[in-house]
Amino acid sequence: MRLKSACGSLLVLLIYSGMLHTASTMLGPTDAMRCYKESSFPLSGQGTSYCTDAISRGELTRRDLAATYSNRGIIYMKNGKFEKALKDHNKAVEIKPDLPQVHINRGNLLYHTHDYEEALVDYDKALENAKGLGAVTLYNKALVLLRMRRISEAKAALEKALEINPQSNRVISKLKDIATLDEAP
């Protein structure tokens with residue numbers, strides 16, 4: 001994967017109206033936990049030091065190590081360091097490729113860097129092992145498809161997300177918003 005120029009314990013980011021919303025899986029009370037907390041509200045890049053310390057110690061399980069790389073990648077992304085973010089998200093996927101959150105987080109980065117085709121690949125991989133994250137992943141995938149003007153596919157993804165979570169106001173609202181859109185020429 002290459003990074004194009006651009007304008008988730010495990011943190012899963014939800015792309016929504018230009019904002020990122022989170023859902024989490026917790027880690028133990030260590031630098032990895034501080035890294036996770038920093039990734040929830042990374043107003044500065046300072047949290048990367050907690051992540052780096054947790055990674056350097058070599059005491060994390062594979063799952064927690066992948067989560068920590070992914071969380072550091074989120075901090076980098078939110079601070080505009082897209083190359084570093086991609087490197088960390090790639091490492092997270094390399095360590096734990098069956099963990100859907102790492103694919104969702106990398107897909108979110110790729111969305112923000114306008115690499116839509118690659119973002120779709122990551123969302124599809126996340127859906128293979130979604131384990132409760134299917135609606136979030138389908139919503140994110142739909143947003144990418146909308147950017148690509150693949151309206152009918154976006155609608156199908158949103159309808160499937162609504163089957164998983166019929167109470168999702170976000171999905172219901174987005175379906176209403178795009179009801180009259182047409183496919184790109």
# chains A, B, ... in the order shown; residues from 1 in each chain; ligands from 1
call {"tool": "residues_around", "arguments": {"residues": "Leu175 of chain A", "least_positions_apart": "4", "cutoff": "8 Å", "atoms": "only C-alpha atoms", "output": "list in words"}}
result
Lys155, Leu158, Glu159, Val171 and Ala179 of chain A
call {"tool": "residues_around", "arguments": {"residues": "Arg62 of chain A", "least_positions_apart": "6", "cutoff": "12 Å", "atoms": "only C-alpha atoms", "output": "list in words"}}
result
Ser9, Ile55, Thr68, Tyr69, Lys91, Ala92, Val93, Glu94, Ile95, Lys96, Pro97, Asp98 and Leu99 of chain A
call {"tool": "residues_around", "arguments": {"residues": "Arg170 of chain A", "least_positions_apart": "3", "cutoff": "9 Å", "atoms": "only C-alpha atoms", "output": "list in words"}}
result
Tyr16, Tyr139, Gln167, Ser173, Lys174 and Leu175 of chain A
call {"tool": "residues_around", "arguments": {"residues": "segment 115-128 of chain A", "least_positions_apart": "4", "cutoff": "9 Å", "atoms": "only C-alpha atoms", "output": "PyMOL selection string"}}
result
chain A and resi 1-5+97-111+133-134+137-138+140-141+144-145+147-148
call {"tool": "select_by_dssp", "arguments": {"residues": "segment 65-178 of chain A", "states": "helix (DSSP H, G or I)", "output": "ChimeraX atom specification"}}
result
/A:65-78,82-95,100-112,116-128,134-147,151-164,169-178
call {"tool": "closest_residue", "arguments": {"among": "A:Val136, A:Asp88, A:Glu83, A:Ile172", "to": "Thr113 of chain A", "atoms": "only C-alpha atoms"}}
result
A:Glu83
call {"tool": "atom_distance", "arguments": {"atom1": "atom CA of His89 of chain A", "atom2": "atom CA of Leu143 of chain A"}}
result
20.2 Å
call {"tool": "atom_distance", "arguments": {"atom1": "atom CA of Lys37 of chain A", "atom2": "atom CA of Arg63 of chain A"}}
result
16.9 Å
call {"tool": "atom_distance", "arguments": {"atom1": "atom CA of Arg72 of chain A", "atom2": "atom CA of Thr52 of chain A"}}
result
7.9 Å
call {"tool": "select_by_dssp", "arguments": {"residues": "chain A", "states": "strand (DSSP E)", "output": "MDAnalysis selection string"}}
result
chainID A and resid 10:16 19:25
call {"tool": "write_last_selection", "arguments": {"atoms": "N, CA and C atoms", "output": "CSV table (one decimal), in the first residue's frame"}}
result
chain,number,residue,atom,x,y,z
A,10,LEU,N,-7.8,-1.6,21.9
A,10,LEU,CA,-8.0,-1.4,20.5
A,10,LEU,C,-9.1,-0.4,20.3
A,11,LEU,N,-8.7,0.6,19.5
A,11,LEU,CA,-9.7,1.7,19.3
A,11,LEU,C,-10.1,1.6,17.8
A,12,VAL,N,-11.4,1.5,17.6
A,12,VAL,CA,-12.0,1.5,16.3
A,12,VAL,C,-12.6,2.9,16.0
A,13,LEU,N,-12.1,3.5,15.0
A,13,LEU,CA,-12.6,4.8,14.6
A,13,LEU,C,-13.8,4.7,13.7
A,14,LEU,N,-14.8,5.5,13.8
A,14,LEU,CA,-15.9,5.6,12.9
A,14,LEU,C,-15.8,6.9,12.2
A,15,ILE,N,-15.7,6.9,10.9
A,15,ILE,CA,-15.7,8.1,10.1
A,15,ILE,C,-17.2,8.6,10.0
A,16,TYR,N,-17.4,9.8,10.4
A,16,TYR,CA,-18.7,10.3,10.4
A,16,TYR,C,-18.7,11.8,10.4
A,19,MET,N,-15.8,13.8,11.5
A,19,MET,CA,-15.4,13.5,12.9
A,19,MET,C,-15.1,12.1,13.1
A,20,LEU,N,-14.3,11.7,14.0
A,20,LEU,CA,-14.0,10.3,14.3
A,20,LEU,C,-14.6,9.9,15.7
A,21,HIS,N,-15.4,8.9,15.6
A,21,HIS,CA,-16.0,8.4,16.9
A,21,HIS,C,-15.4,7.1,17.2
A,22,THR,N,-15.4,6.7,18.5
A,22,THR,CA,-14.6,5.5,18.9
A,22,THR,C,-15.4,4.5,19.6
A,23,ALA,N,-14.9,3.3,19.5
A,23,ALA,CA,-15.4,2.2,20.3
A,23,ALA,C,-14.1,1.4,20.8
A,24,SER,N,-14.1,0.8,21.9
A,24,SER,CA,-12.8,0.4,22.4
A,24,SER,C,-12.8,-1.0,23.0
A,25,THR,N,-11.7,-1.6,23.1
A,25,THR,CA,-11.4,-2.8,23.8
A,25,THR,C,-10.2,-2.4,24.7
call {"tool": "closest_residue", "arguments": {"among": "A:Leu60, A:Leu86, A:Leu181, A:Ala157", "to": "Ala142 of chain A", "atoms": "only C-alpha atoms"}}
result
A:Ala157
